[in-house]
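Asks: Sharing entry_33.cif here; it has mmCIF, C-alpha atoms.
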data_model
loop_
_atom_site.label_atom_id
_atom_site.label_comp_id
_atom_site.auth_asym_id
_atom_site.auth_seq_id
_atom_site.Cartn_x
_atom_site.Cartn_y
_atom_site.Cartn_z
CA MET W 1 260.32 253.10 81.75
CA THR W 2 256.68 253.14 82.78
CA ALA W 3 254.90 250.39 84.71
CA LEU W 4 254.20 247.37 82.48
CA GLY W 5 255.70 249.37 79.60
CA ALA W 6 252.26 250.96 79.14
CA ALA W 7 251.62 254.52 78.01
CA GLN W 8 251.59 256.84 81.00
CA SER W 9 248.27 258.28 79.87
CA ASP W 10 246.72 254.80 79.98
CA LEU W 11 248.14 254.13 83.44
CA ASP W 12 246.81 257.47 84.67
CA ALA W 13 243.35 256.81 83.21
CA VAL W 14 243.11 253.40 84.88
CA GLU W 15 244.37 254.74 88.20
CA ALA W 16 241.77 257.50 88.00
CA ILE W 17 239.02 254.85 87.87
CA VAL W 18 240.44 253.28 91.03
CA ARG W 19 240.71 256.62 92.84
CA ALA W 20 237.19 257.62 91.81
CA ALA W 21 235.78 254.50 93.46
CA GLY W 22 236.64 256.08 96.82
CA THR W 23 237.72 252.85 98.50
CA SER W 24 240.88 251.97 100.44
CA PHE W 25 241.97 249.68 97.58
CA HIS W 26 244.20 252.36 96.07
CA ARG W 27 246.15 252.80 99.31
CA GLY W 28 246.29 249.07 99.99
CA MET W 29 247.91 248.29 96.65
CA ALA W 30 250.63 250.88 97.30
CA ILE W 31 252.69 248.14 98.94
CA LEU W 32 253.18 246.48 95.53
CA PRO W 33 255.97 247.31 93.06
CA PRO W 34 254.80 249.41 90.09
CA ASP W 35 254.16 246.64 87.51
CA ARG W 36 252.11 244.58 89.93
CA ARG W 37 250.36 247.61 91.39
CA HIS W 38 249.18 248.82 88.00
CA ALA W 39 248.13 245.33 86.98
CA MET W 40 245.91 245.30 90.07
CA TYR W 41 244.56 248.73 89.22
CA ALA W 42 243.61 247.40 85.77
CA ILE W 43 241.94 244.32 87.28
CA TYR W 44 240.01 246.53 89.71
CA ALA W 45 239.01 248.95 86.94
CA PHE W 46 237.73 246.06 84.82
CA CYS W 47 235.66 244.80 87.77
CA ARG W 48 234.37 248.30 88.49
CA ILE W 49 233.31 248.84 84.89
CA VAL W 50 231.42 245.56 84.50
CA ASP W 51 229.83 246.00 87.93
CA ASP W 52 228.61 249.46 86.94
CA ILE W 53 227.02 248.01 83.80
CA VAL W 54 224.81 245.86 86.01
CA ASP W 55 224.13 248.44 88.72
CA GLU W 56 223.27 251.45 86.59
CA PRO W 57 219.69 251.98 85.36
CA GLY W 58 218.89 250.55 81.97
CA ALA W 59 217.17 247.80 80.03
CA LEU W 60 218.32 244.26 80.72
CA ALA W 61 218.87 243.63 77.01
CA ASP W 62 221.24 246.62 76.84
CA LYS W 63 223.17 245.39 79.86
CA ARG W 64 223.54 241.94 78.31
CA ARG W 65 224.93 243.51 75.14
CA GLU W 66 227.46 245.52 77.13
CA LEU W 67 228.56 242.46 79.10
CA ASP W 68 228.82 240.47 75.86
CA ALA W 69 230.95 243.27 74.45
CA TRP W 70 233.29 242.82 77.40
CA ARG W 71 233.42 239.07 76.78
CA ALA W 72 234.46 239.83 73.22
CA ARG W 73 236.95 242.43 74.45
CA ILE W 74 238.56 239.87 76.79
CA ALA W 75 238.68 237.29 73.98
CA ALA W 76 240.46 239.84 71.79
CA LEU W 77 243.06 240.49 74.47
CA TYR W 78 244.03 236.82 74.30
CA GLU W 79 244.52 237.30 70.56
CA ASN W 80 246.93 240.13 71.45
CA HIS W 81 244.51 242.87 70.42
CA ALA W 82 243.36 245.76 72.60
CA ASP W 83 240.75 248.31 71.60
CA ASP W 84 240.77 252.04 72.31
CA LEU W 85 239.99 251.75 76.04
CA ALA W 86 242.90 252.51 78.36
CA VAL W 87 241.92 249.66 80.67
CA SER W 88 242.07 247.22 77.73
CA ARG W 89 245.56 248.33 76.79
CA VAL W 90 246.84 248.03 80.37
CA LEU W 91 245.11 244.65 80.83
CA LEU W 92 246.79 243.37 77.68
CA ARG W 93 250.19 244.09 79.19
CA ALA W 94 249.19 242.69 82.59
CA ILE W 95 247.94 239.46 80.99
CA SER W 96 251.27 239.03 79.23
CA ALA W 97 253.35 239.92 82.29
CA PHE W 98 251.57 237.77 84.85
CA ALA W 99 249.81 235.00 82.88
CA LEU W 100 246.33 236.12 83.94
CA ARG W 101 243.76 233.58 82.82
CA ARG W 102 240.93 234.30 80.41
CA GLU W 103 238.46 232.07 82.24
CA ASP W 104 238.81 234.14 85.40
CA PHE W 105 237.88 237.36 83.60
CA ILE W 106 234.89 235.60 82.03
CA ALA W 107 233.83 234.23 85.41
CA VAL W 108 233.72 237.78 86.80
CA ILE W 109 231.48 238.89 83.91
CA ASP W 110 229.26 235.83 84.44
CA GLY W 111 228.97 236.71 88.12
CA MET W 112 227.95 240.27 87.33
CA GLN W 113 225.32 239.02 84.89
CA MET W 114 224.10 236.54 87.49
CA ASP W 115 223.68 239.45 89.89
CA GLY W 116 221.97 241.70 87.40
CA GLU W 117 219.46 239.46 85.66
CA THR W 118 217.31 238.71 88.71
CA ASP W 119 216.65 240.09 92.17
CA ILE W 120 218.56 237.51 94.16
CA LEU W 121 216.38 236.37 97.05
CA ALA W 122 217.95 233.93 99.52
CA PRO W 123 219.80 231.66 97.07
CA GLY W 124 220.52 228.03 97.87
CA LEU W 125 223.95 227.28 99.29
CA ALA W 126 225.22 225.91 95.97
CA GLU W 127 224.05 229.02 94.09
CA LEU W 128 225.54 231.29 96.74
CA ASP W 129 228.86 229.47 96.48
CA LEU W 130 228.86 229.81 92.69
CA TYR W 131 228.08 233.52 93.03
CA CYS W 132 230.94 234.00 95.52
CA ASP W 133 233.31 232.11 93.24
CA ARG W 134 232.48 234.27 90.24
CA VAL W 135 232.37 237.73 91.80
CA ALA W 136 235.11 237.25 94.41
CA ALA W 137 237.26 234.12 94.10
CA ALA W 138 237.76 234.67 90.36
CA VAL W 139 239.04 238.16 91.15
CA GLY W 140 241.30 236.50 93.71
CA ARG W 141 242.67 234.10 91.11
CA LEU W 142 243.59 237.06 88.92
CA SER W 143 245.00 238.94 91.89
CA VAL W 144 247.34 236.27 93.26
CA ARG W 145 249.04 236.11 89.87
CA ALA W 146 249.48 239.86 89.85
CA PHE W 147 250.79 239.61 93.42
CA GLY W 148 253.46 237.15 92.26
CA ASP W 149 252.28 233.60 92.98
CA ALA W 150 250.67 231.56 90.18
CA SER W 151 250.81 228.23 92.03
CA THR W 152 247.88 225.93 92.72
CA ARG W 153 248.36 226.80 96.40
CA ALA W 154 247.71 230.46 95.56
CA ASP W 155 244.48 229.40 93.85
CA VAL W 156 243.48 227.77 97.14
CA VAL W 157 244.05 231.13 98.84
CA ALA W 158 241.83 232.79 96.24
CA HIS W 159 239.15 230.13 96.69
CA HIS W 160 238.84 230.63 100.43
CA LEU W 161 239.72 234.30 100.78
CA GLY W 162 237.33 235.30 98.01
CA ARG W 163 234.49 233.52 99.75
CA ALA W 164 235.44 234.95 103.14
CA LEU W 165 235.50 238.51 101.79
CA GLN W 166 232.24 238.15 99.89
CA LEU W 167 230.39 236.58 102.82
CA THR W 168 231.63 239.45 105.00
CA ASN W 169 230.34 241.92 102.41
CA ILE W 170 226.98 240.14 102.41
CA LEU W 171 226.72 240.36 106.19
CA ARG W 172 227.78 244.00 106.24
CA ASP W 173 225.33 245.05 103.50
CA ILE W 174 222.17 243.16 104.52
CA ALA W 175 220.05 246.29 105.01
CA GLU W 176 221.43 248.06 101.93
CA ASP W 177 220.87 245.00 99.75
CA ALA W 178 217.35 244.50 101.11
CA ALA W 179 216.50 248.06 100.08
CA ARG W 180 217.32 246.93 96.53
CA ASN W 181 215.10 243.85 97.03
CA ARG W 182 218.10 241.53 97.34
CA VAL W 183 218.96 238.98 100.01
CA TYR W 184 222.16 236.99 99.63
CA LEU W 185 221.81 234.99 102.85
CA PRO W 186 221.22 231.31 102.02
CA ARG W 187 217.66 230.02 102.04
CA ASP W 188 218.94 226.75 103.54
CA PHE W 189 219.46 228.54 106.86
CA PHE W 190 215.94 230.00 107.13
CA PRO W 191 213.23 227.82 108.70
CA THR W 192 210.99 228.96 105.83
CA PRO W 193 212.47 230.54 102.68
CA PRO W 194 211.60 234.26 102.75
CA ALA W 195 209.05 235.48 100.23
CA SER W 196 210.61 238.94 100.02
CA ALA W 197 213.54 240.99 101.27
CA ALA W 198 211.27 242.63 103.83
CA ALA W 199 210.17 239.21 105.07
CA ALA W 200 213.80 238.15 105.46
CA LEU W 201 214.60 241.23 107.57
CA ALA W 202 211.54 240.63 109.75
CA ASP W 203 212.20 236.91 110.22
CA PRO W 204 212.94 236.11 113.91
CA ALA W 205 215.51 233.59 112.67
CA LEU W 206 217.60 236.27 110.94
CA PRO W 207 220.22 236.56 113.74
CA ASP W 208 220.72 232.80 113.70
CA VAL W 209 221.03 232.83 109.90
CA CYS W 210 223.64 235.58 110.14
CA ALA W 211 225.51 233.69 112.84
CA ARG W 212 225.73 230.62 110.62
CA VAL W 213 227.00 232.65 107.67
CA THR W 214 229.55 234.23 110.04
CA ILE W 215 230.85 230.77 110.91
CA MET W 216 231.19 230.03 107.19
CA ALA W 217 233.21 233.22 106.72
CA HIS W 218 235.48 232.49 109.69
CA ASN W 219 236.14 228.99 108.36
CA HIS W 220 237.15 230.40 104.98
CA PHE W 221 239.41 233.00 106.63
CA ARG W 222 241.17 230.22 108.53
CA ALA W 223 241.55 228.03 105.45
CA ALA W 224 242.91 231.00 103.48
CA ALA W 225 245.46 231.76 106.19
CA GLU W 226 246.62 228.15 106.24
CA ALA W 227 247.01 228.17 102.45
CA MET W 228 248.91 231.48 102.55
CA ASP W 229 251.52 229.90 104.81
CA LYS W 230 252.35 227.51 101.95
CA CYS W 231 252.71 230.28 99.36
CA ASP W 232 255.36 232.83 98.50
CA ARG W 233 255.36 235.00 101.60
CA ARG W 234 256.18 238.27 99.88
CA ALA W 235 253.56 237.72 97.19
CA MET W 236 250.90 237.09 99.82
CA ARG W 237 251.36 240.42 101.62
CA PRO W 238 248.36 242.09 99.93
CA ALA W 239 246.23 238.98 100.50
CA ARG W 240 247.16 238.93 104.20
CA LEU W 241 246.30 242.62 104.47
CA MET W 242 242.89 242.16 102.80
CA GLY W 243 242.18 239.09 104.93
CA ALA W 244 243.10 240.87 108.15
CA THR W 245 241.05 243.95 107.25
CA TYR W 246 237.90 242.01 106.41
CA ALA W 247 238.30 239.65 109.36
CA ALA W 248 238.38 242.74 111.59
CA ILE W 249 235.18 243.99 109.95
CA LEU W 250 233.56 240.59 110.52
CA ARG W 251 234.48 240.69 114.20
CA ARG W 252 233.06 244.21 114.45
CA LEU W 253 229.82 243.01 112.84
CA GLU W 254 229.58 240.20 115.37
CA LYS W 255 230.10 242.67 118.20
CA ARG W 256 227.39 244.99 116.85
CA GLY W 257 225.00 242.07 116.44
CA TRP W 258 222.25 241.35 113.93
CA ARG W 259 219.43 243.47 115.35
CA ARG W 260 220.78 246.89 114.35
CA LEU W 261 221.45 246.25 110.68
CA GLY W 262 221.18 249.93 109.78
CA GLU W 263 224.10 250.80 112.06
CA PRO W 264 227.19 251.01 109.83
CA VAL W 265 230.32 249.09 110.66
CA LYS W 266 233.71 250.29 109.47
CA LEU W 267 237.29 250.50 110.64
CA SER W 268 238.89 253.72 111.75
CA THR W 269 241.85 255.21 109.89
CA TRP W 270 244.15 254.20 112.73
CA GLU W 271 242.90 250.61 112.65
CA LYS W 272 243.59 250.48 108.92
CA ILE W 273 247.09 251.88 109.41
CA TRP W 274 247.77 249.34 112.17
CA LEU W 275 246.64 246.49 109.92
CA LEU W 276 248.79 247.80 107.10
CA LEU W 277 251.86 247.92 109.34
CA ARG W 278 251.19 244.50 110.83
CA HIS W 279 250.20 242.55 107.73
CA GLY W 280 251.12 244.55 104.68
CA LEU W 281 254.73 245.37 105.39
CA ARG W 282 256.08 242.24 107.00
#
Represent the supplied structure as structure tokens.
Replies:
Amino acid sequence: MTALGAAQSDLDAVEAIVRAAGTSFHRGMAILPPDRRHAMYAIYAFCRIVDDIVDEPGALADKRRELDAWRARIAALYENHADDLAVSRVLLRAISAFALRREDFIAVIDGMQMDGETDILAPGLAELDLYCDRVAAAVGRLSVRAFGDASTRADVVAHHLGRALQLTNILRDIAEDAARNRVYLPRDFFPTPPASAAAALADPALPDVCARVTIMAHNHFRAAAEAMDKCDRRAMRPARLMGATYAAILRRLEKRGWRRLGEPVKLSTWEKIWLLLRHGLR
């Protein structure tokens, strides 16, 4: 019997998308049993595909059509119909197995469109929070169900952990995003809203802005950890591992400081293994 009862060729095709992304996600999900692991691969592949629609060169009208096609594809899955894409067929089985919610898939697509339609330049706090909810917390709400906890408490974990992870990503990628004329740091924290990405990087207040966003991220990490303690412990193993990994990256960013934004921050292989042993296997 294959995972989720899906065709092995479909499972292999979806896993290939995950492997091709070149992230540690594939190894991190290895702690899950097969059905849940492949559901997470399908969720990740869906996110990767819609993200690539936005990131790849092309006319905005064409990107909107592709995103709308994915909205229609998701709607069809909830009518028990999958098209000829392997990821659609695996998602159909994951939706049935783990009660994944349609609105969370749509929120992810909305977040990608939000990211792709304009060059985001220091959004207000409310807009930043909406962006984090769509591109990160919505993925979390899908994930906790695949992990094995569909409770409202698990949604609280997704709410806070998604924001913590996305804020950490924003802090890690400031220079890279600015090169694409994007600044995700909130305008509310700048003395004067920056007129361009270059102006944001040159602003003397940038370290203070980053420090305030860091506090936001730490607060969300703490709230997520508190919520995890009220959830199914076994189901929360992947969430604890992701939280611990990104919290370690956040601490490393703080140690590096906010003056050398071009200096990459990442964890060593041994640090990742230690985190896996400490948080992923207990």
Asks: Here is a test: counting all atoms listed in the file, which residue of W:Leu161, W:Leu91, W:Leu250, W:Cys210 is nearest to Ala223 of chain W?
Replies: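 Checking each candidate against Ala223 of chain W, we get W:Leu161 as the closest.
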Asks: Counting only C-alpha atoms, which residue out of W:Ala224, W:Ile43, W:Ala20, W:Met236 sits closest to Val139 of chain W?
Replies: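 So, comparing all the options, the nearest one is W:Ile43.
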Asks: Check the smallest atom-to-atom distance from each of W:Leu67, W:Val213, W:Leu142, W:Ala202 to Ala94 of chain W using only C-alpha atoms, then report the winner.
Replies: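 The closest residue to Ala94 of chain W is W:Leu142.
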Asks: Do you have the atom CA of Glu127 of chain W-atom CA of Val108 of chain W distance handy?
Replies: 14.9 Å
Asks: Kindly give the distance, in Å, that separates atom CA of Arg256 of chain W and atom CA of Ala211 of chain W, rounded to a single decimal.
Replies: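 Atom CA of Arg256 of chain W sits 12.1 Å away from atom CA of Ala211 of chain W.
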Asks: Let me make sure I understand: among W:Ala45, W:Ile249, W:Ala86, W:Ile106, which one has the smallest atom-to-atom distance to Arg19 of chain W if we use all atoms listed in the file?
Replies: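 Using all atoms listed in the file, the shortest distance to Arg19 of chain W belongs to W:Ala45.
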Asks: What does the PyMOL selection byres ((chain W and resi 98) around 10) select in this file, as a VMD selection string?
Replies: chain W and resid 35 to 36 39 93 to 97 99 to 101 142 to 150
Asks: Check which residues satisfy the PyMOL selection byres ((chain W and resi 75) around 12) in the file shown, then give them as an MDAnalysis selection string.
Replies: chainID W and resid 68:74 76:83 88 91:92 95 101:106
Asks: Determine, counting all atoms listed in the file, which protein, DNA and RNA residues have an atom within 12 Å of an atom of Ile120 of chain W; residues of the same chain fewer than 3 positions away are not included. Present the result as a list in words.
Replies: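 Here the answer would be Met112, Gln113, Met114, Asp115, Gly116, Glu117, Pro123, Gly124, Glu127, Leu128, Tyr131, Asp177, Ala178, Arg180, Asn181, Arg182, Val183, Tyr184, Leu185, Pro186, Arg187, Pro194, Ala195, Ser196 and Ala197 of chain W.
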Asks: From the options W:Gln8, W:Gly257, W:Met242, W:Val54, which residue's atoms come nearest to Ser24 of chain W, counting only C-alpha atoms?
Replies: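 Using only C-alpha atoms, the shortest distance to Ser24 of chain W belongs to W:Met242.
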Asks: Place N, CA and C atoms on segment 8-41 of chain W and deliver the coordinates as a PDB file, keeping the file's coordinate frame.
Replies:
ATOM      1  N   GLN W   8     251.892 256.205  79.725  1.00  0.00           N
ATOM      2  CA  GLN W   8     251.590 256.840  81.000  1.00  0.00           C
ATOM      3  C   GLN W   8     250.150 257.347  81.030  1.00  0.00           C
ATOM      4  N   SER W   9     249.655 257.806  79.905  1.00  0.00           N
ATOM      5  CA  SER W   9     248.270 258.280  79.870  1.00  0.00           C
ATOM      6  C   SER W   9     247.282 257.158  80.157  1.00  0.00           C
ATOM      7  N   ASP W  10     247.590 255.949  79.690  1.00  0.00           N
ATOM      8  CA  ASP W  10     246.720 254.800  79.980  1.00  0.00           C
ATOM      9  C   ASP W  10     246.777 254.432  81.453  1.00  0.00           C
ATOM     10  N   LEU W  11     247.982 254.422  82.018  1.00  0.00           N
ATOM     11  CA  LEU W  11     248.140 254.130  83.440  1.00  0.00           C
ATOM     12  C   LEU W  11     247.377 255.142  84.284  1.00  0.00           C
ATOM     13  N   ASP W  12     247.493 256.410  83.911  1.00  0.00           N
ATOM     14  CA  ASP W  12     246.810 257.470  84.670  1.00  0.00           C
ATOM     15  C   ASP W  12     245.291 257.318  84.565  1.00  0.00           C
ATOM     16  N   ALA W  13     244.800 256.959  83.390  1.00  0.00           N
ATOM     17  CA  ALA W  13     243.350 256.810  83.210  1.00  0.00           C
ATOM     18  C   ALA W  13     242.808 255.660  84.040  1.00  0.00           C
ATOM     19  N   VAL W  14     243.544 254.550  84.085  1.00  0.00           N
ATOM     20  CA  VAL W  14     243.110 253.400  84.880  1.00  0.00           C
ATOM     21  C   VAL W  14     243.172 253.727  86.362  1.00  0.00           C
ATOM     22  N   GLU W  15     244.256 254.373  86.794  1.00  0.00           N
ATOM     23  CA  GLU W  15     244.370 254.740  88.200  1.00  0.00           C
ATOM     24  C   GLU W  15     243.263 255.702  88.610  1.00  0.00           C
ATOM     25  N   ALA W  16     242.846 256.560  87.700  1.00  0.00           N
ATOM     26  CA  ALA W  16     241.770 257.500  88.000  1.00  0.00           C
ATOM     27  C   ALA W  16     240.462 256.764  88.290  1.00  0.00           C
ATOM     28  N   ILE W  17     240.213 255.655  87.605  1.00  0.00           N
ATOM     29  CA  ILE W  17     239.020 254.850  87.870  1.00  0.00           C
ATOM     30  C   ILE W  17     239.076 254.305  89.292  1.00  0.00           C
ATOM     31  N   VAL W  18     240.265 253.830  89.686  1.00  0.00           N
ATOM     32  CA  VAL W  18     240.440 253.280  91.030  1.00  0.00           C
ATOM     33  C   VAL W  18     240.233 254.363  92.076  1.00  0.00           C
ATOM     34  N   ARG W  19     240.850 255.519  91.871  1.00  0.00           N
ATOM     35  CA  ARG W  19     240.710 256.620  92.840  1.00  0.00           C
ATOM     36  C   ARG W  19     239.258 257.072  92.951  1.00  0.00           C
ATOM     37  N   ALA W  20     238.562 257.133  91.822  1.00  0.00           N
ATOM     38  CA  ALA W  20     237.190 257.620  91.810  1.00  0.00           C
ATOM     39  C   ALA W  20     236.246 256.711  92.580  1.00  0.00           C
ATOM     40  N   ALA W  21     236.623 255.444  92.734  1.00  0.00           N
ATOM     41  CA  ALA W  21     235.780 254.500  93.460  1.00  0.00           C
ATOM     42  C   ALA W  21     235.697 254.855  94.944  1.00  0.00           C
ATOM     43  N   GLY W  22     236.682 255.595  95.438  1.00  0.00           N
ATOM     44  CA  GLY W  22     236.640 256.080  96.820  1.00  0.00           C
ATOM     45  C   GLY W  22     236.822 255.005  97.866  1.00  0.00           C
ATOM     46  N   THR W  23     237.480 253.912  97.531  1.00  0.00           N
ATOM     47  CA  THR W  23     237.720 252.850  98.500  1.00  0.00           C
ATOM     48  C   THR W  23     239.170 252.920  98.985  1.00  0.00           C
ATOM     49  N   SER W  24     239.506 252.039  99.924  1.00  0.00           N
ATOM     50  CA  SER W  24     240.880 251.970 100.440  1.00  0.00           C
ATOM     51  C   SER W  24     241.759 251.103  99.545  1.00  0.00           C
ATOM     52  N   PHE W  25     241.200 250.565  98.461  1.00  0.00           N
ATOM     53  CA  PHE W  25     241.970 249.680  97.580  1.00  0.00           C
ATOM     54  C   PHE W  25     243.214 250.375  97.050  1.00  0.00           C
ATOM     55  N   HIS W  26     243.072 251.632  96.649  1.00  0.00           N
ATOM     56  CA  HIS W  26     244.200 252.360  96.070  1.00  0.00           C
ATOM     57  C   HIS W  26     245.369 252.411  97.047  1.00  0.00           C
ATOM     58  N   ARG W  27     245.081 252.730  98.308  1.00  0.00           N
ATOM     59  CA  ARG W  27     246.150 252.800  99.310  1.00  0.00           C
ATOM     60  C   ARG W  27     246.707 251.415  99.611  1.00  0.00           C
ATOM     61  N   GLY W  28     245.825 250.417  99.659  1.00  0.00           N
ATOM     62  CA  GLY W  28     246.290 249.070  99.990  1.00  0.00           C
ATOM     63  C   GLY W  28     247.255 248.508  98.968  1.00  0.00           C
ATOM     64  N   MET W  29     247.039 248.828  97.687  1.00  0.00           N
ATOM     65  CA  MET W  29     247.910 248.290  96.650  1.00  0.00           C
ATOM     66  C   MET W  29     249.242 249.047  96.548  1.00  0.00           C
ATOM     67  N   ALA W  30     249.387 250.116  97.329  1.00  0.00           N
ATOM     68  CA  ALA W  30     250.630 250.880  97.300  1.00  0.00           C
ATOM     69  C   ALA W  30     251.828 250.075  97.771  1.00  0.00           C
ATOM     70  N   ILE W  31     251.581 248.953  98.462  1.00  0.00           N
ATOM     71  CA  ILE W  31     252.690 248.140  98.940  1.00  0.00           C
ATOM     72  C   ILE W  31     253.325 247.314  97.813  1.00  0.00           C
ATOM     73  N   LEU W  32     252.676 247.274  96.644  1.00  0.00           N
ATOM     74  CA  LEU W  32     253.180 246.480  95.530  1.00  0.00           C
ATOM     75  C   LEU W  32     254.171 247.282  94.679  1.00  0.00           C
ATOM     76  N   PRO W  33     255.120 246.605  94.024  1.00  0.00           N
ATOM     77  CA  PRO W  33     255.970 247.310  93.060  1.00  0.00           C
ATOM     78  C   PRO W  33     255.123 247.773  91.864  1.00  0.00           C
ATOM     79  N   PRO W  34     255.630 248.744  91.095  1.00  0.00           N
ATOM     80  CA  PRO W  34     254.800 249.410  90.090  1.00  0.00           C
ATOM     81  C   PRO W  34     254.098 248.491  89.087  1.00  0.00           C
ATOM     82  N   ASP W  35     254.801 247.503  88.512  1.00  0.00           N
ATOM     83  CA  ASP W  35     254.160 246.640  87.510  1.00  0.00           C
ATOM     84  C   ASP W  35     252.979 245.901  88.115  1.00  0.00           C
ATOM     85  N   ARG W  36     253.184 245.348  89.289  1.00  0.00           N
ATOM     86  CA  ARG W  36     252.110 244.580  89.930  1.00  0.00           C
ATOM     87  C   ARG W  36     250.993 245.502  90.412  1.00  0.00           C
ATOM     88  N   ARG W  37     251.360 246.655  90.914  1.00  0.00           N
ATOM     89  CA  ARG W  37     250.360 247.610  91.390  1.00  0.00           C
ATOM     90  C   ARG W  37     249.438 248.039  90.245  1.00  0.00           C
ATOM     91  N   HIS W  38     250.010 248.352  89.104  1.00  0.00           N
ATOM     92  CA  HIS W  38     249.180 248.820  88.000  1.00  0.00           C
ATOM     93  C   HIS W  38     248.410 247.678  87.347  1.00  0.00           C
ATOM     94  N   ALA W  39     248.926 246.475  87.425  1.00  0.00           N
ATOM     95  CA  ALA W  39     248.130 245.330  86.980  1.00  0.00           C
ATOM     96  C   ALA W  39     246.895 245.188  87.858  1.00  0.00           C
ATOM     97  N   MET W  40     247.062 245.377  89.167  1.00  0.00           N
ATOM     98  CA  MET W  40     245.910 245.300  90.070  1.00  0.00           C
ATOM     99  C   MET W  40     244.940 246.449  89.838  1.00  0.00           C
ATOM    100  N   TYR W  41     245.454 247.627  89.539  1.00  0.00           N
ATOM    101  CA  TYR W  41     244.560 248.730  89.220  1.00  0.00           C
ATOM    102  C   TYR W  41     243.715 248.377  87.985  1.00  0.00           C
TER     103      TYR W  41
END
